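One structure below.
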2 protein chains.
Amino acid sequence: MPESTTIKDIARAAQVAPSTVSRALHTDPRISEETTALICRLAQEMGYTPSLAARHLVTQQTNTIGLVISCISDPFASDVAIGVEQAAISHGYSVLLISSYRDAKREEQAVQSLYERRTDGIIVTGSQIDEGYLARQDRAPQPIVLINCPRYPHSISSDNLAGARDAVAHLVQLGHRRIAYIANPGSHQANLDRATGYKDILTHHELPLDDDLVVEGDGTVAGGKQAALRLLALARPPTAVFCFNDLTAIGTLSALCETGLRVPTDCSVIGFDDLELAAYSCPPLTTVRQDRGQLGQHAMSMLHRLIEGCGDVKPEILPAKLVVRGTTGPAPMAAGSRKEVNQE
Amino acid sequence: MPESTTIKDIARAAQVAPSTVSRALHTDPRISEETTALICRLAQEMGYTPSLAARHLVTQQTNTIGLVISCISDPFASDVAIGVEQAAISHGYSVLLISSYRDAKREEQAVQSLYERRTDGIIVTGSQIDEGYLARQDRAPQPIVLINCPRYPHSISSDNLAGARDAVAHLVQLGHRRIAYIANPGSHQANLDRATGYKDILTHHELPLDDDLVVEGDGTVAGGKQAALRLLALARPPTAVFCFNDLTAIGTLSALCETGLRVPTDCSVIGFDDLELAAYSCPPLTTVRQDRGQLGQHAMSMLHRLIEGCGDVKPEILPAKLVVRGTTGPAPMAAGSRKEVNQE
DNA sequence: TTGTAGGCGTTATCAT
DNA sequence: ATGATAACGCCTACAA
């Protein structure tokens, strides 16, 4: 590969000093119109591309922030990333994206790599480390903002608790008494909160907490389907399923479809996220919307404040809103026992 | 933000020269065990993090490649990205990801930014510029690999033509005679090839090319649904729809569901991509699989060869394979007019 | 085994 | 209006 041209090359060609080239390229008013024009033309012709590394070395800033997401193919994460990027651009930053694949070690590596690149700040979503960042907070020069880790001082989260409560309350109001929950493994606050919301509402309505009705998915469609199939194999299957997220819910829909059960006639389903996809399932998915773009944007502007030195940031919680569509309906009449579920 | 510690700081603390620190940190065998140990310990304690920028400046390589994708939330692109990253890691590279949002200007900016970062090479998928990269190929130091732009010398593509042909042939064999195509706008080779494959098969079977049966989506679920609704509003609607991609197909399924049509009894649907989601629609989607991970991995290893200076790379084409699932079935008996098409 | 010195491409602070 | 020069953090001959 041919060497990149540098300001020195241009300087030589233009018969001026490198510093003059640097100034001209930054349209420094002190440089004469003509020299500036000449230099810009030469830069163009010679295919000059500034080296950010060299520039960064002297300016001590990269105008770049790092974003660590669980997995690029996770629709939740990617929507957050879009929000982050939008806000980043408007604040004059570029964003470096790295996937952690929900693996603590890879997450550490990702953050380390971002440190080495001297990004001005870092945003992490779907962290496996969470409050672990507290420890390195002081010695690390770059501020970190966490998404969905409300106990971290610099964080921005969805109101998972309220969202889950609303979802389950909606099912209770429809007359459901055997409501299952397909959970996500791990002890993320989001997982915890949604599970808590589920239990809260059941106990509030004095419904029994049946352990059989809480199963674990893995946040994917495949995992959701498997979990749902386990639920449907129960002696007394649920009449409604609250899912950790929309992907899980779509898997559940698939399981129901395969089992020959009608939605919502035989079984109601409710998700969490309100992915774009959610509106296009058959029937359209009832779910809890969290504005992922907002999550990302707020994270970015919090980070910006941190970078600028405004130290007075507090954890933020964004609302989550129930969106009722077609997958939730009245609880089926519990005929004598059960099992004549699929008429027709 | 506190200053980062440098090798000089460590050198001072360890009472040695900076170069010794540098060598110790790289576990240079020439440095004594004890000094190395001391220095590593100090580096640890002082929270030393090497500056990649400074290192890059002298080594002239970043061990980083740039990946420009259409949009991070596009499942096709993100799966390609995962493949790229896997291969990148195994070759010792990090990857910098930037979205172009299918906008030529943003794509230019993305590539420019990658140039400025001096990434060792660049991969672009969903390019709006395509062969335009030929022009800058010589003057740019970094090699570029394009995905799905088979006319570019350094490219790797799916066999869109064969895939589309197989899909439509499958429908013809099922007895369909009014087969619609929901296309993607723009003149990408992938779009062109799939449209050509569609027409090829129709003409090969002497079926009329009805302009009404070719409508444009936009590659999203929403766009697919709208396009499908237009198709269904036709005086003589199709009995089968071949969709540009799976997202479009899912939108089509939604449209069909909403219109009260049964799949595949009343109308068959076939997608392209075989996203993970495809297997979980109701019914599961018949589609054409292209291995997106492979696409990414091959792109990365081609780029690696280019970086290493092996100049003898040729465009590669990866196979696309029809996956028959539940959304395709025999053409419905056309009451009145034509029929008896489906033997078997 | 370790120290010295030069340079990577840029910007910034002095001069001129 | 422009030129010299130092410095950013690191690596790497070359010396010692």
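To be explicit about the labels: the chains of the structure tokens are called A, B, and onward in the order shown, and within each one the residues are counted from 1, while ligands get numbers from 1 in the order they are shown.
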**Message:** Quick check: residues of chain A within 7 Å of chain D, only C-alpha atoms (C1' of nucleotides), returned as a PyMOL selection string.
**Reply:** chain A and resi 17+20+30-32+57-58
N, CA and C atoms of the current selection, written as a CSV table (one decimal), in the first residue's frame:
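Writing the result to out34.csv gives the following:
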```
chain,number,residue,atom,x,y,z
A,17,ALA,N,6.1,26.1,4.9
A,17,ALA,CA,6.4,25.3,6.1
A,17,ALA,C,5.2,24.4,6.4
A,20,THR,N,2.4,26.0,8.2
A,20,THR,CA,1.5,26.8,7.3
A,20,THR,C,0.4,26.0,6.7
A,30,ARG,N,-5.2,33.9,9.5
A,30,ARG,CA,-3.9,34.6,9.4
A,30,ARG,C,-3.2,34.2,8.1
A,31,ILE,N,-3.6,33.1,7.4
A,31,ILE,CA,-3.0,32.7,6.2
A,31,ILE,C,-3.7,33.4,5.0
A,32,SER,N,-2.8,33.9,4.1
A,32,SER,CA,-3.4,34.6,3.0
A,32,SER,C,-4.3,33.8,2.1
A,57,LEU,N,-3.0,12.9,19.2
A,57,LEU,CA,-1.9,12.9,20.1
A,57,LEU,C,-1.5,14.2,20.6
A,58,VAL,N,-1.7,15.2,19.8
A,58,VAL,CA,-1.4,16.6,20.3
A,58,VAL,C,-2.6,17.3,20.9
```
**Asked** RMSD over all C-alpha atoms, chain B superposed on chain A in order?
**Response**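 Across the paired C-alpha atoms, the RMSD reaches 2.6 Å.
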Compute the set of chain C residues within 8 Å of chain B, using only C-alpha atoms (C1' of nucleotides), and express it as a tab-separated table (two decimals) with C-alpha atoms (C1' of nucleotides), in the first residue's frame.
```
chain	number	residue	atom	x	y	z
C	1	DT	C1'	20.65	-5.93	30.32
C	2	DT	C1'	19.68	-1.19	29.74
C	3	DG	C1'	20.03	3.86	28.10
C	7	DG	C1'	10.96	9.99	14.35
C	8	DC	C1'	5.85	8.82	13.30
C	9	DG	C1'	2.03	13.30	11.61
```
Would you tabulate, counting only C-alpha atoms, all residues of chain A that have an atom at most 7 Å from an atom of chain B, showing the closest pair of atoms and their distance in Å to one decimal, sorted by chain then ascending number, as a tab-separated table?
```
residue	atom	partner	partner_atom	distance
A:Met1	CA	B:Pro141	CA	4.9
A:Pro2	CA	B:Pro141	CA	5.2
A:Glu3	CA	B:Pro141	CA	6.6
A:Ser4	CA	B:Pro141	CA	6.6
A:Thr49	CA	B:Glu116	CA	5.9
A:Pro50	CA	B:Glu116	CA	5.7
A:Ser51	CA	B:Glu116	CA	5.1
A:Leu52	CA	B:Glu116	CA	5.6
A:Ala53	CA	B:Ala53	CA	4.7
A:Ala54	CA	B:Leu57	CA	6.6
A:Leu57	CA	B:Ala54	CA	6.6
A:Ile72	CA	B:Ser78	CA	5.8
A:Ser73	CA	B:Ser78	CA	5.3
A:Pro75	CA	B:Ser73	CA	6.2
A:Ser78	CA	B:Ser73	CA	5.3
A:Asp79	CA	B:Ser73	CA	6.5
A:Leu96	CA	B:Leu96	CA	6.1
A:Leu97	CA	B:Leu97	CA	5.7
A:Tyr115	CA	B:Thr49	CA	7.0
A:Glu116	CA	B:Ser51	CA	5.1
A:Arg117	CA	B:Leu52	CA	5.6
A:Pro141	CA	B:Met1	CA	4.9
A:Gln142	CA	B:Met1	CA	6.8
A:Gly251	CA	B:Tyr280	CA	6.4
A:Ser254	CA	B:Tyr280	CA	5.5
A:Cys257	CA	B:Cys282	CA	6.5
A:Tyr280	CA	B:Ser254	CA	5.5
A:Ser281	CA	B:Ser254	CA	6.4
A:Cys282	CA	B:Ser254	CA	6.3
```
**Request:** Just the residues within 10 Å of Val172 of chain B, please, counting only C-alpha atoms (C1' of nucleotides), with nothing from its chain fewer than 5 positions along; format it as a PyMOL selection string.
**Result:** chain B and resi 166-167+177-179+201-202+205+207+240+330-331+341-342
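Computed from the coordinates, the atom CA of Leu67 of chain A to atom CA of Asp273 of chain B distance equals 27.9 Å.
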**Item:** alpha helix (DSSP H) residues, from DSSP on the backbone, in segment 65-114 of chain A, as a list in words
**Value:**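 Those residues are Pro75, Phe76, Ala77, Ser78, Asp79, Val80, Ala81, Ile82, Gly83, Val84, Glu85, Gln86, Ala87, Ala88, Ile89, Ser90, His91, Ala104, Lys105, Arg106, Glu107, Glu108, Gln109, Ala110, Val111, Gln112, Ser113 and Leu114 of chain A.
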Go ahead and write the selection's residues with C-alpha atoms as a PDB file, in the first residue's frame.
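So the final result, stored in out-v4.pdb, reads:
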```
ATOM      1  CA  PRO A  75     -32.904  -5.267  17.840  1.00  0.00           C
ATOM      2  CA  PHE A  76     -33.104  -3.609  21.221  1.00  0.00           C
ATOM      3  CA  ALA A  77     -29.419  -2.851  21.252  1.00  0.00           C
ATOM      4  CA  SER A  78     -29.281  -1.695  17.681  1.00  0.00           C
ATOM      5  CA  ASP A  79     -32.115   0.746  18.180  1.00  0.00           C
ATOM      6  CA  VAL A  80     -30.341   2.134  21.201  1.00  0.00           C
ATOM      7  CA  ALA A  81     -27.231   2.438  19.074  1.00  0.00           C
ATOM      8  CA  ILE A  82     -29.097   4.462  16.488  1.00  0.00           C
ATOM      9  CA  GLY A  83     -30.263   6.838  19.186  1.00  0.00           C
ATOM     10  CA  VAL A  84     -26.754   7.158  20.524  1.00  0.00           C
ATOM     11  CA  GLU A  85     -25.349   7.862  17.115  1.00  0.00           C
ATOM     12  CA  GLN A  86     -27.931  10.514  16.316  1.00  0.00           C
ATOM     13  CA  ALA A  87     -27.179  12.373  19.502  1.00  0.00           C
ATOM     14  CA  ALA A  88     -23.456  11.827  19.045  1.00  0.00           C
ATOM     15  CA  ILE A  89     -23.497  13.462  15.652  1.00  0.00           C
ATOM     16  CA  SER A  90     -25.380  16.453  16.949  1.00  0.00           C
ATOM     17  CA  HIS A  91     -22.790  16.833  19.686  1.00  0.00           C
ATOM     18  CA  ALA A 104     -18.188 -10.357  30.745  1.00  0.00           C
ATOM     19  CA  LYS A 105     -14.728 -11.042  29.425  1.00  0.00           C
ATOM     20  CA  ARG A 106     -15.447  -9.656  26.006  1.00  0.00           C
ATOM     21  CA  GLU A 107     -17.076  -6.681  27.600  1.00  0.00           C
ATOM     22  CA  GLU A 108     -13.913  -6.020  29.583  1.00  0.00           C
ATOM     23  CA  GLN A 109     -11.872  -6.322  26.428  1.00  0.00           C
ATOM     24  CA  ALA A 110     -14.193  -3.977  24.607  1.00  0.00           C
ATOM     25  CA  VAL A 111     -13.937  -1.329  27.284  1.00  0.00           C
ATOM     26  CA  GLN A 112     -10.184  -1.811  27.479  1.00  0.00           C
ATOM     27  CA  SER A 113      -9.887  -1.350  23.746  1.00  0.00           C
ATOM     28  CA  LEU A 114     -11.935   1.816  24.029  1.00  0.00           C
TER      29      LEU A 114
END
```
